[in-house]
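**Q** Sending over a structure as structure tokens; questions will come in a sec.
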Amino acid sequence: MPDLDLPQRQAPDSLMLTGFWYRALPADRVHRNQLYKATVLEIPLVLGRDRLGHPFALRDACPHRGMPLNRGRFDGENIECGYHGWQFDVHDGQCQLIPSLTADQNLKVDRIYAGSFPCEEQDSFIWVFIPDPPPLGAGFAPPAEPPDEAPQIEKFSNKYRSAYLQAEMPVSVDHGIIGLMDPAHGPFVHQAWWWRSQHSIHEKKKNFEPIPNGFRMSAHTPSSNSAPYKLLRLYADAESITTTIDFVLPNLRTETIRAGKYWFSSLTTVTPISRNHCRIDVVAAWNLFRWVPFVPEVLKFVFAKFVEQDRRTMELQAEGLKHNPHLMLIDDADRPAKWYFQLKAAHLEAKRTGAEIKHPIVGPVTLKWRS
Ligand code: FES
Ligand SMILES: [Fe+2]
């Protein structure tokens with residue numbers, strides 16, 4: 001008997017995970033010597049690049065009296081708050097100057113910090129590490145050290161092209177993520193005459209396996225109705241094409257398609273902006289068609305269409321979610337969604353107890369659904 005989970009509430013208090021890297025802004029929109037605002041996990045940030053082009057991120061609130069630092073002056077090295085002129089080093093947030101102090105007042109200026117976040121540029125985005133717990137506005141602590149580098153797209157040759165896409169959605173990060181890994185919405189949401197119709201629906205069977213902090217749809221020949229696959233088939237025979245899809249906490253979905261020396265790789269993230277708002281960022285890199293005009297444009301058009309269809313669907317879904325309905329997840333089509341919630345719970349539990357994460361998936365699993 002297929003087991004149908006009891007209806008459960010899960011949307012409204014969707015937790016946002018700290019202790020991870022998040023995409024904050026597209027790198028090409030952040031220019032030197034200027035200040036930009038961004039919000040990640042409900043934390044207001046001021047971002048920019050110093051005069052050498054190195055990115056930085058501070059909490060967008062002066063530790064003195066909370067003035068947004070993005071309204072201050074920036075000389076390429078320090079930000080000067082627009083209220084009383086305190087100055088902060090943009091990289092570590094350390095206070096450099098408090099203009100109101102007289103020569104005989106010995107307040108230790110360098111013990112004051114504006115909350116600063118580790119920041120890296122990687123694959124078209126400025127990433128920010130949100131430590132656990134995140135720094136408050138007023139602080140006396142230097143920035144946290146991230147445990148690792150920001151995630152990167154895997155590339156399989158030196159020459160490649162890349163592009164990114166963004167879409168904001170008025171739903172929690174959880175709905176954004178489970179919408180992304182949901183295999184059953186394709187025939188209904190992603191219809192187009194040049195793509196597929198509801199009638200192309202057929203039974204699928206995929207193998208999954210646990211990986212650290214996530215799960216993998218094991219390498220397989222991609223389904224004949226996926227976009228990059230259709231393109232790759234122009235280059236290689238169907239059997240030589242394999243695709244692998246990974247999901248890893250907190251929000252990373254990587255898809256890798258390989259066909260001999262040709263490859264297509266993408267890293268999609270769903271970033272919590274606030275409790276009921278998230279943003280999907282897709283960055284793709286590929287070494288196909290680099291010399292053929294318009295192909296990147298066509299690829300981008302196809303992906304933009306997809307992302308827009310997902311965005312529109314979630315916008316409508318948000319209408320229904322406003323009233324906090326009971327929801328249910330069914331097997332097998334919603335099993336990845338269940339794993340996501342279980343992984344998240346296991347991660348939080350491991351953090352609480354200090355023990356190793358207890359992976360909810362013990363071994364390879366085969367899932368079946370129609371799509
Ligand atoms: S609020 Fe920033 S210097 Fe006073
Ligand atoms: Fe979709």
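Chain lettering (A, B, ...) mirrors the order of the structure tokens, residue numbering begins at 1 for each chain separately, and ligand numbering begins at 1 in order of display.
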Step by step, measure atom-to-atom distances between ligand 1 and each residue using only C-alpha atoms and all ligand atoms, keep those at most 12 Å, then write them as an mmCIF file with all heavy atoms, in the first residue's frame.

**A**
```
data_model
loop_
_atom_site.group_PDB
_atom_site.id
_atom_site.type_symbol
_atom_site.label_atom_id
_atom_site.label_comp_id
_atom_site.auth_asym_id
_atom_site.auth_seq_id
_atom_site.Cartn_x
_atom_site.Cartn_y
_atom_site.Cartn_z
ATOM 1 N N ASP A 60 24.493 45.742 7.525
ATOM 2 C CA ASP A 60 24.145 47.097 7.098
ATOM 3 C C ASP A 60 23.535 47.909 8.235
ATOM 4 O O ASP A 60 22.432 48.450 8.115
ATOM 5 C CB ASP A 60 23.199 47.052 5.892
ATOM 6 C CG ASP A 60 23.103 48.411 5.204
ATOM 7 O OD1 ASP A 60 23.963 49.272 5.482
ATOM 8 O OD2 ASP A 60 22.169 48.600 4.409
ATOM 9 N N ALA A 61 24.266 47.976 9.336
ATOM 10 C CA ALA A 61 23.813 48.783 10.466
ATOM 11 C C ALA A 61 25.050 49.197 11.241
ATOM 12 O O ALA A 61 25.858 48.356 11.633
ATOM 13 C CB ALA A 61 22.882 47.973 11.366
ATOM 14 N N CYS A 62 25.212 50.478 11.436
ATOM 15 C CA CYS A 62 26.369 50.968 12.174
ATOM 16 C C CYS A 62 26.284 50.483 13.625
ATOM 17 O O CYS A 62 25.219 50.541 14.234
ATOM 18 C CB CYS A 62 26.366 52.493 12.124
ATOM 19 S SG CYS A 62 27.730 53.224 13.039
ATOM 20 N N PRO A 63 27.418 49.995 14.185
ATOM 21 C CA PRO A 63 27.372 49.498 15.563
ATOM 22 C C PRO A 63 27.167 50.630 16.585
ATOM 23 O O PRO A 63 26.925 50.350 17.756
ATOM 24 C CB PRO A 63 28.735 48.826 15.748
ATOM 25 C CG PRO A 63 29.617 49.430 14.727
ATOM 26 C CD PRO A 63 28.723 49.815 13.564
ATOM 27 N N HIS A 64 27.246 51.869 16.139
ATOM 28 C CA HIS A 64 27.005 52.976 17.064
ATOM 29 C C HIS A 64 25.508 53.115 17.336
ATOM 30 O O HIS A 64 25.013 52.740 18.371
ATOM 31 C CB HIS A 64 27.588 54.286 16.497
ATOM 32 C CG HIS A 64 27.385 55.474 17.393
ATOM 33 N ND1 HIS A 64 27.211 56.743 16.889
ATOM 34 C CD2 HIS A 64 27.336 55.579 18.739
ATOM 35 C CE1 HIS A 64 27.062 57.597 17.899
ATOM 36 N NE2 HIS A 64 27.136 56.908 19.035
ATOM 37 N N ARG A 65 24.751 53.580 16.339
ATOM 38 C CA ARG A 65 23.322 53.771 16.562
ATOM 39 C C ARG A 65 22.457 53.242 15.422
ATOM 40 O O ARG A 65 21.333 53.682 15.244
ATOM 41 C CB ARG A 65 23.034 55.251 16.825
ATOM 42 C CG ARG A 65 23.787 55.795 18.058
ATOM 43 C CD ARG A 65 22.865 56.234 19.169
ATOM 44 N NE ARG A 65 22.099 57.399 18.770
ATOM 45 C CZ ARG A 65 22.539 58.665 18.855
ATOM 46 N NH1 ARG A 65 23.738 58.929 19.362
ATOM 47 N NH2 ARG A 65 21.786 59.656 18.466
ATOM 48 N N GLY A 66 23.040 52.301 14.658
ATOM 49 C CA GLY A 66 22.211 51.543 13.720
ATOM 50 C C GLY A 66 21.970 52.158 12.357
ATOM 51 O O GLY A 66 21.197 51.616 11.557
ATOM 52 N N MET A 67 22.619 53.263 12.070
ATOM 53 C CA MET A 67 22.442 53.875 10.745
ATOM 54 C C MET A 67 22.861 52.873 9.657
ATOM 55 O O MET A 67 23.882 52.216 9.793
ATOM 56 C CB MET A 67 23.344 55.115 10.667
ATOM 57 C CG MET A 67 23.233 55.872 9.379
ATOM 58 S SD MET A 67 21.711 56.851 9.376
ATOM 59 C CE MET A 67 22.060 57.936 7.992
ATOM 60 N N PRO A 68 22.060 52.729 8.581
ATOM 61 C CA PRO A 68 22.494 51.832 7.496
ATOM 62 C C PRO A 68 23.815 52.319 6.903
ATOM 63 O O PRO A 68 23.928 53.478 6.494
ATOM 64 C CB PRO A 68 21.375 51.929 6.461
ATOM 65 C CG PRO A 68 20.193 52.437 7.217
ATOM 66 C CD PRO A 68 20.745 53.316 8.315
ATOM 67 N N LEU A 69 24.799 51.451 6.882
ATOM 68 C CA LEU A 69 26.114 51.860 6.392
ATOM 69 C C LEU A 69 26.113 52.101 4.889
ATOM 70 O O LEU A 69 26.971 52.804 4.372
ATOM 71 C CB LEU A 69 27.170 50.820 6.770
ATOM 72 C CG LEU A 69 27.481 50.760 8.271
ATOM 73 C CD1 LEU A 69 28.411 49.580 8.579
ATOM 74 C CD2 LEU A 69 28.129 52.073 8.743
ATOM 75 N N ASN A 70 25.133 51.498 4.187
ATOM 76 C CA ASN A 70 25.120 51.703 2.722
ATOM 77 C C ASN A 70 24.875 53.165 2.376
ATOM 78 O O ASN A 70 25.097 53.577 1.248
ATOM 79 C CB ASN A 70 24.101 50.770 2.050
ATOM 80 C CG ASN A 70 22.674 51.282 2.144
ATOM 81 O OD1 ASN A 70 22.277 52.194 1.413
ATOM 82 N ND2 ASN A 70 21.888 50.725 3.056
ATOM 83 N N ARG A 71 24.406 53.954 3.340
ATOM 84 C CA ARG A 71 24.185 55.376 3.084
ATOM 85 C C ARG A 71 25.399 56.222 3.434
ATOM 86 O O ARG A 71 25.359 57.448 3.389
ATOM 87 C CB ARG A 71 22.974 55.875 3.878
ATOM 88 C CG ARG A 71 21.697 55.098 3.629
ATOM 89 C CD ARG A 71 21.349 55.015 2.155
ATOM 90 N NE ARG A 71 21.142 56.302 1.562
ATOM 91 C CZ ARG A 71 19.973 56.915 1.477
ATOM 92 N NH1 ARG A 71 18.898 56.330 1.935
ATOM 93 N NH2 ARG A 71 19.866 58.092 0.928
ATOM 94 N N GLY A 72 26.468 55.533 3.838
ATOM 95 C CA GLY A 72 27.667 56.279 4.218
ATOM 96 C C GLY A 72 28.566 56.566 3.021
ATOM 97 O O GLY A 72 28.183 56.336 1.876
ATOM 98 N N ARG A 73 29.769 57.041 3.324
ATOM 99 C CA ARG A 73 30.735 57.324 2.271
ATOM 100 C C ARG A 73 31.763 56.208 2.232
ATOM 101 O O ARG A 73 32.143 55.672 3.268
ATOM 102 C CB ARG A 73 31.442 58.658 2.539
ATOM 103 C CG ARG A 73 30.795 59.844 1.851
ATOM 104 C CD ARG A 73 31.509 61.146 2.218
ATOM 105 N NE ARG A 73 31.359 61.432 3.645
ATOM 106 C CZ ARG A 73 30.305 62.064 4.156
ATOM 107 N NH1 ARG A 73 29.334 62.495 3.372
ATOM 108 N NH2 ARG A 73 30.227 62.291 5.453
ATOM 109 N N ILE A 79 34.468 52.491 5.221
ATOM 110 C CA ILE A 79 33.156 53.132 5.109
ATOM 111 C C ILE A 79 33.049 54.132 6.246
ATOM 112 O O ILE A 79 33.386 53.819 7.393
ATOM 113 C CB ILE A 79 32.001 52.117 5.243
ATOM 114 C CG1 ILE A 79 31.944 51.189 4.034
ATOM 115 C CG2 ILE A 79 30.652 52.841 5.381
ATOM 116 C CD1 ILE A 79 30.750 50.234 4.039
ATOM 117 N N GLU A 80 32.559 55.316 5.916
ATOM 118 C CA GLU A 80 32.315 56.313 6.941
ATOM 119 C C GLU A 80 30.815 56.430 7.129
ATOM 120 O O GLU A 80 30.077 56.729 6.187
ATOM 121 C CB GLU A 80 32.891 57.655 6.491
ATOM 122 C CG GLU A 80 32.695 58.773 7.490
ATOM 123 C CD GLU A 80 33.079 60.117 6.878
ATOM 124 O OE1 GLU A 80 32.229 60.721 6.194
ATOM 125 O OE2 GLU A 80 34.240 60.529 7.060
ATOM 126 N N CYS A 81 30.363 56.175 8.355
ATOM 127 C CA CYS A 81 28.931 56.222 8.619
ATOM 128 C C CYS A 81 28.422 57.657 8.425
ATOM 129 O O CYS A 81 29.078 58.630 8.803
ATOM 130 C CB CYS A 81 28.660 55.747 10.041
ATOM 131 S SG CYS A 81 26.917 55.857 10.495
ATOM 132 N N GLY A 82 27.229 57.737 7.833
ATOM 133 C CA GLY A 82 26.675 59.046 7.497
ATOM 134 C C GLY A 82 26.125 59.817 8.692
ATOM 135 O O GLY A 82 25.746 60.982 8.552
ATOM 136 N N TYR A 83 26.065 59.187 9.875
ATOM 137 C CA TYR A 83 25.452 59.864 11.028
ATOM 138 C C TYR A 83 26.486 60.617 11.878
ATOM 139 O O TYR A 83 26.405 61.834 12.035
ATOM 140 C CB TYR A 83 24.723 58.803 11.863
ATOM 141 C CG TYR A 83 23.611 59.308 12.756
ATOM 142 C CD1 TYR A 83 22.730 58.401 13.357
ATOM 143 C CD2 TYR A 83 23.412 60.673 13.019
ATOM 144 C CE1 TYR A 83 21.694 58.836 14.182
ATOM 145 C CE2 TYR A 83 22.390 61.109 13.843
ATOM 146 C CZ TYR A 83 21.528 60.188 14.424
ATOM 147 O OH TYR A 83 20.519 60.611 15.237
ATOM 148 N N HIS A 84 27.514 59.902 12.389
ATOM 149 C CA HIS A 84 28.525 60.569 13.215
ATOM 150 C C HIS A 84 29.944 60.336 12.711
ATOM 151 O O HIS A 84 30.911 60.594 13.416
ATOM 152 C CB HIS A 84 28.441 60.097 14.666
ATOM 153 C CG HIS A 84 27.043 60.104 15.217
ATOM 154 N ND1 HIS A 84 26.234 58.999 15.186
ATOM 155 C CD2 HIS A 84 26.312 61.104 15.760
ATOM 156 C CE1 HIS A 84 25.047 59.298 15.709
ATOM 157 N NE2 HIS A 84 25.058 60.581 16.055
ATOM 158 N N GLY A 85 30.019 59.776 11.496
ATOM 159 C CA GLY A 85 31.323 59.682 10.848
ATOM 160 C C GLY A 85 32.263 58.593 11.353
ATOM 161 O O GLY A 85 33.457 58.624 11.040
ATOM 162 N N TRP A 86 31.763 57.637 12.134
ATOM 163 C CA TRP A 86 32.654 56.537 12.521
ATOM 164 C C TRP A 86 33.117 55.847 11.252
ATOM 165 O O TRP A 86 32.342 55.681 10.307
ATOM 166 C CB TRP A 86 31.946 55.518 13.412
ATOM 167 C CG TRP A 86 31.564 56.002 14.779
ATOM 168 C CD1 TRP A 86 31.410 57.294 15.179
ATOM 169 C CD2 TRP A 86 31.266 55.174 15.911
ATOM 170 N NE1 TRP A 86 31.030 57.334 16.502
ATOM 171 C CE2 TRP A 86 30.932 56.043 16.973
ATOM 172 C CE3 TRP A 86 31.235 53.798 16.134
ATOM 173 C CZ2 TRP A 86 30.582 55.564 18.242
ATOM 174 C CZ3 TRP A 86 30.894 53.326 17.385
ATOM 175 C CH2 TRP A 86 30.586 54.205 18.443
ATOM 176 N N GLN A 87 34.368 55.386 11.266
ATOM 177 C CA GLN A 87 34.891 54.725 10.068
ATOM 178 C C GLN A 87 35.231 53.268 10.358
ATOM 179 O O GLN A 87 35.761 52.950 11.418
ATOM 180 C CB GLN A 87 36.134 55.458 9.572
ATOM 181 C CG GLN A 87 35.791 56.755 8.864
ATOM 182 C CD GLN A 87 37.019 57.428 8.285
ATOM 183 O OE1 GLN A 87 38.048 56.782 8.053
ATOM 184 N NE2 GLN A 87 36.918 58.733 8.060
ATOM 185 N N PHE A 88 34.947 52.431 9.388
ATOM 186 C CA PHE A 88 35.174 50.994 9.543
ATOM 187 C C PHE A 88 35.929 50.439 8.348
ATOM 188 O O PHE A 88 35.632 50.786 7.208
ATOM 189 C CB PHE A 88 33.832 50.252 9.653
ATOM 190 C CG PHE A 88 32.968 50.782 10.763
ATOM 191 C CD1 PHE A 88 32.009 51.755 10.500
ATOM 192 C CD2 PHE A 88 33.150 50.337 12.071
ATOM 193 C CE1 PHE A 88 31.233 52.274 11.528
ATOM 194 C CE2 PHE A 88 32.370 50.849 13.100
ATOM 195 C CZ PHE A 88 31.410 51.826 12.832
ATOM 196 N N CYS A 95 36.656 49.180 13.619
ATOM 197 C CA CYS A 95 36.507 50.631 13.668
ATOM 198 C C CYS A 95 37.880 51.295 13.574
ATOM 199 O O CYS A 95 38.839 50.880 14.235
ATOM 200 C CB CYS A 95 35.791 51.035 14.959
ATOM 201 S SG CYS A 95 35.365 52.791 14.980
ATOM 202 N N GLN A 96 37.986 52.313 12.731
ATOM 203 C CA GLN A 96 39.259 52.996 12.505
ATOM 204 C C GLN A 96 39.282 54.373 13.155
ATOM 205 O O GLN A 96 40.341 54.879 13.498
ATOM 206 C CB GLN A 96 39.499 53.174 10.996
ATOM 207 C CG GLN A 96 39.414 51.893 10.193
ATOM 208 C CD GLN A 96 40.503 50.908 10.567
ATOM 209 O OE1 GLN A 96 41.674 51.258 10.630
ATOM 210 N NE2 GLN A 96 40.101 49.683 10.859
ATOM 211 N N LEU A 97 38.109 54.956 13.303
ATOM 212 C CA LEU A 97 38.078 56.346 13.752
ATOM 213 C C LEU A 97 36.714 56.709 14.311
ATOM 214 O O LEU A 97 35.696 56.349 13.739
ATOM 215 C CB LEU A 97 38.390 57.260 12.544
ATOM 216 C CG LEU A 97 38.351 58.772 12.803
ATOM 217 C CD1 LEU A 97 39.639 59.215 13.488
ATOM 218 C CD2 LEU A 97 38.154 59.535 11.488
ATOM 219 N N ILE A 98 36.724 57.417 15.440
ATOM 220 C CA ILE A 98 35.496 58.026 15.963
ATOM 221 C C ILE A 98 35.790 59.513 16.087
ATOM 222 O O ILE A 98 36.532 59.950 16.973
ATOM 223 C CB ILE A 98 35.112 57.425 17.336
ATOM 224 C CG1 ILE A 98 34.803 55.917 17.177
ATOM 225 C CG2 ILE A 98 33.925 58.165 17.955
ATOM 226 C CD1 ILE A 98 34.354 55.210 18.440
ATOM 227 N N PRO A 99 35.262 60.291 15.148
ATOM 228 C CA PRO A 99 35.670 61.698 15.061
ATOM 229 C C PRO A 99 35.349 62.518 16.312
ATOM 230 O O PRO A 99 36.028 63.511 16.590
ATOM 231 C CB PRO A 99 34.874 62.219 13.862
ATOM 232 C CG PRO A 99 34.481 61.023 13.082
ATOM 233 C CD PRO A 99 34.336 59.918 14.064
ATOM 234 N N SER A 100 34.348 62.128 17.107
ATOM 235 C CA SER A 100 33.953 62.960 18.253
ATOM 236 C C SER A 100 34.905 62.841 19.434
ATOM 237 O O SER A 100 34.817 63.610 20.388
ATOM 238 C CB SER A 100 32.536 62.580 18.696
ATOM 239 O OG SER A 100 32.541 61.260 19.223
ATOM 240 N N LEU A 101 35.795 61.865 19.404
ATOM 241 C CA LEU A 101 36.686 61.671 20.555
ATOM 242 C C LEU A 101 37.734 62.778 20.635
ATOM 243 O O LEU A 101 38.332 63.161 19.628
ATOM 244 C CB LEU A 101 37.402 60.318 20.442
ATOM 245 C CG LEU A 101 36.548 59.062 20.627
ATOM 246 C CD1 LEU A 101 37.409 57.814 20.398
ATOM 247 C CD2 LEU A 101 35.921 59.026 22.017
ATOM 248 N N ILE A 112 36.141 47.947 18.579
ATOM 249 C CA ILE A 112 34.763 47.988 18.075
ATOM 250 C C ILE A 112 34.723 47.475 16.629
ATOM 251 O O ILE A 112 35.581 47.821 15.817
ATOM 252 C CB ILE A 112 34.231 49.441 18.115
ATOM 253 C CG1 ILE A 112 34.246 49.952 19.556
ATOM 254 C CG2 ILE A 112 32.837 49.547 17.498
ATOM 255 C CD1 ILE A 112 33.967 51.428 19.681
ATOM 256 N N TYR A 113 33.740 46.648 16.352
ATOM 257 C CA TYR A 113 33.594 46.090 15.000
ATOM 258 C C TYR A 113 32.174 46.261 14.482
ATOM 259 O O TYR A 113 31.211 46.068 15.222
ATOM 260 C CB TYR A 113 33.904 44.588 14.999
ATOM 261 C CG TYR A 113 35.366 44.249 15.150
ATOM 262 C CD1 TYR A 113 35.937 44.136 16.416
ATOM 263 C CD2 TYR A 113 36.159 44.026 14.033
ATOM 264 C CE1 TYR A 113 37.280 43.817 16.555
ATOM 265 C CE2 TYR A 113 37.502 43.704 14.171
ATOM 266 C CZ TYR A 113 38.054 43.602 15.433
ATOM 267 O OH TYR A 113 39.383 43.281 15.565
ATOM 268 N N ALA A 114 32.081 46.607 13.229
ATOM 269 C CA ALA A 114 30.794 46.484 12.539
ATOM 270 C C ALA A 114 30.758 45.019 12.102
ATOM 271 O O ALA A 114 31.757 44.497 11.644
ATOM 272 C CB ALA A 114 30.756 47.397 11.322
ATOM 273 N N GLY A 137 24.577 43.655 15.191
ATOM 274 C CA GLY A 137 24.997 44.955 14.679
ATOM 275 C C GLY A 137 26.185 45.487 15.461
ATOM 276 O O GLY A 137 27.275 45.654 14.945
ATOM 277 N N ALA A 138 26.004 45.725 16.757
ATOM 278 C CA ALA A 138 27.066 46.274 17.578
ATOM 279 C C ALA A 138 27.925 45.130 18.082
ATOM 280 O O ALA A 138 27.416 44.162 18.625
ATOM 281 C CB ALA A 138 26.477 47.022 18.760
#
```

**Q** Residues of chain A that approach ligand 2 to 12 Å or less, counting only C-alpha atoms and all ligand atoms: could you list each one with the shortest pair of atoms and its distance in Å to one decimal, rows by chain and increasing residue number, as JSON lines?

**A**
```
{"residue": "A:His175", "atom": "CA", "partner": "ligand 2", "partner_atom_place_in_ligand_line": "1 (Fe)", "distance": 12.0}
{"residue": "A:Gly176", "atom": "CA", "partner": "ligand 2", "partner_atom_place_in_ligand_line": "1 (Fe)", "distance": 10.0}
{"residue": "A:Ile177", "atom": "CA", "partner": "ligand 2", "partner_atom_place_in_ligand_line": "1 (Fe)", "distance": 10.4}
{"residue": "A:Ile178", "atom": "CA", "partner": "ligand 2", "partner_atom_place_in_ligand_line": "1 (Fe)", "distance": 10.0}
{"residue": "A:Gly179", "atom": "CA", "partner": "ligand 2", "partner_atom_place_in_ligand_line": "1 (Fe)", "distance": 6.7}
{"residue": "A:Leu180", "atom": "CA", "partner": "ligand 2", "partner_atom_place_in_ligand_line": "1 (Fe)", "distance": 5.8}
{"residue": "A:Met181", "atom": "CA", "partner": "ligand 2", "partner_atom_place_in_ligand_line": "1 (Fe)", "distance": 8.0}
{"residue": "A:Asp182", "atom": "CA", "partner": "ligand 2", "partner_atom_place_in_ligand_line": "1 (Fe)", "distance": 7.4}
{"residue": "A:Pro183", "atom": "CA", "partner": "ligand 2", "partner_atom_place_in_ligand_line": "1 (Fe)", "distance": 8.2}
{"residue": "A:Ala184", "atom": "CA", "partner": "ligand 2", "partner_atom_place_in_ligand_line": "1 (Fe)", "distance": 9.1}
{"residue": "A:His185", "atom": "CA", "partner": "ligand 2", "partner_atom_place_in_ligand_line": "1 (Fe)", "distance": 6.6}
{"residue": "A:Gly186", "atom": "CA", "partner": "ligand 2", "partner_atom_place_in_ligand_line": "1 (Fe)", "distance": 6.0}
{"residue": "A:Pro187", "atom": "CA", "partner": "ligand 2", "partner_atom_place_in_ligand_line": "1 (Fe)", "distance": 9.5}
{"residue": "A:Phe188", "atom": "CA", "partner": "ligand 2", "partner_atom_place_in_ligand_line": "1 (Fe)", "distance": 9.5}
{"residue": "A:Val189", "atom": "CA", "partner": "ligand 2", "partner_atom_place_in_ligand_line": "1 (Fe)", "distance": 6.8}
{"residue": "A:His190", "atom": "CA", "partner": "ligand 2", "partner_atom_place_in_ligand_line": "1 (Fe)", "distance": 6.6}
{"residue": "A:Gln191", "atom": "CA", "partner": "ligand 2", "partner_atom_place_in_ligand_line": "1 (Fe)", "distance": 10.4}
{"residue": "A:Ser226", "atom": "CA", "partner": "ligand 2", "partner_atom_place_in_ligand_line": "1 (Fe)", "distance": 11.4}
{"residue": "A:Thr268", "atom": "CA", "partner": "ligand 2", "partner_atom_place_in_ligand_line": "1 (Fe)", "distance": 12.0}
{"residue": "A:Ile280", "atom": "CA", "partner": "ligand 2", "partner_atom_place_in_ligand_line": "1 (Fe)", "distance": 11.2}
{"residue": "A:Phe303", "atom": "CA", "partner": "ligand 2", "partner_atom_place_in_ligand_line": "1 (Fe)", "distance": 10.0}
{"residue": "A:Ala304", "atom": "CA", "partner": "ligand 2", "partner_atom_place_in_ligand_line": "1 (Fe)", "distance": 11.0}
{"residue": "A:Lys305", "atom": "CA", "partner": "ligand 2", "partner_atom_place_in_ligand_line": "1 (Fe)", "distance": 9.9}
{"residue": "A:Phe306", "atom": "CA", "partner": "ligand 2", "partner_atom_place_in_ligand_line": "1 (Fe)", "distance": 6.3}
{"residue": "A:Val307", "atom": "CA", "partner": "ligand 2", "partner_atom_place_in_ligand_line": "1 (Fe)", "distance": 6.7}
{"residue": "A:Glu308", "atom": "CA", "partner": "ligand 2", "partner_atom_place_in_ligand_line": "1 (Fe)", "distance": 8.9}
{"residue": "A:Gln309", "atom": "CA", "partner": "ligand 2", "partner_atom_place_in_ligand_line": "1 (Fe)", "distance": 6.9}
{"residue": "A:Asp310", "atom": "CA", "partner": "ligand 2", "partner_atom_place_in_ligand_line": "1 (Fe)", "distance": 4.9}
{"residue": "A:Arg311", "atom": "CA", "partner": "ligand 2", "partner_atom_place_in_ligand_line": "1 (Fe)", "distance": 8.5}
{"residue": "A:Arg312", "atom": "CA", "partner": "ligand 2", "partner_atom_place_in_ligand_line": "1 (Fe)", "distance": 10.2}
{"residue": "A:Thr313", "atom": "CA", "partner": "ligand 2", "partner_atom_place_in_ligand_line": "1 (Fe)", "distance": 8.8}
{"residue": "A:Met314", "atom": "CA", "partner": "ligand 2", "partner_atom_place_in_ligand_line": "1 (Fe)", "distance": 9.8}
{"residue": "A:Ser371", "atom": "CA", "partner": "ligand 2", "partner_atom_place_in_ligand_line": "1 (Fe)", "distance": 11.9}
```

**Q** Might you pull out every residue within 7 Å of Thr18 of chain A, with only C-alpha atoms counted and same-chain residues fewer than 3 positions away left off, and present them as a PyMOL selection string?

**A** chain A and resi 130-133

**Q** What does the distance from atom CA of Arg59 of chain A to atom CA of Met16 of chain A come to in Å, to one decimal?

**A**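 Computing it gives 17.3 Å between the two atoms.
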
**Q** Expressed in Å to a single decimal, how great is the separation between atom CA of Thr39 of chain A and atom CA of Phe301 of chain A?

**A**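 Taking atom CA of Thr39 of chain A and atom CA of Phe301 of chain A, their separation equals 27.4 Å.
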
**Q** Return the single residue from A:Leu107, A:Leu232, A:Leu329, A:Ile245 that is closest to Asn287 of chain A, with distances computed using only C-alpha atoms.

**A** A:Leu232

**Q** Got a sec: who's within 8 Å of Leu267 of chain A, counting only C-alpha atoms, leaving out chain neighbours fewer than 6 positions off, as a tab-separated table (two decimals) with C-alpha atoms, in the first residue's frame?

**A**
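Result saved to out17.tsv:
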```tsv
chain	number	residue	atom	x	y	z
A	152	GLN	CA	32.10	26.11	-7.01
A	153	ILE	CA	30.77	24.75	-10.24
A	252	LEU	CA	22.74	23.50	-3.42
A	253	ARG	CA	21.61	21.61	-6.49
A	254	THR	CA	24.30	20.62	-8.96
A	255	GLU	CA	23.65	19.03	-12.27
A	282	VAL	CA	21.10	29.33	-11.56
A	283	VAL	CA	24.65	29.47	-12.84
A	284	ALA	CA	25.53	27.21	-15.75
```

**Q** Go through A:Pro170, A:Gly260, A:Pro212, A:Gly139 one by one, measure the shortest atom-to-atom distance of each to Pro272 of chain A using only C-alpha atoms, and give the residue with the smallest value.

**A** A:Pro170

**Q** Name the residues in contact with Pro143 of chain A at a cut-off of 9 Å, using only C-alpha atoms, excluding same-chain residues fewer than 4 positions from it; report them as a ChimeraX atom specification.

**A** /A:91-93,113,115-118,131,135

**Q** Which one of A:Lys322, A:Arg29, A:Lys205, A:Lys261 sits closest to Asn276 of chain A if you count only C-alpha atoms?

**A** A:Lys322

**Q** Ranking A:Ala24, A:Val46, A:Ala350, A:Leu249 by minimum distance to Glu121 of chain A and counting only C-alpha atoms, which one comes first?

**A**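 Ranking A:Ala24, A:Val46, A:Ala350, A:Leu249 by distance to Glu121 of chain A, first place goes to A:Ala24.
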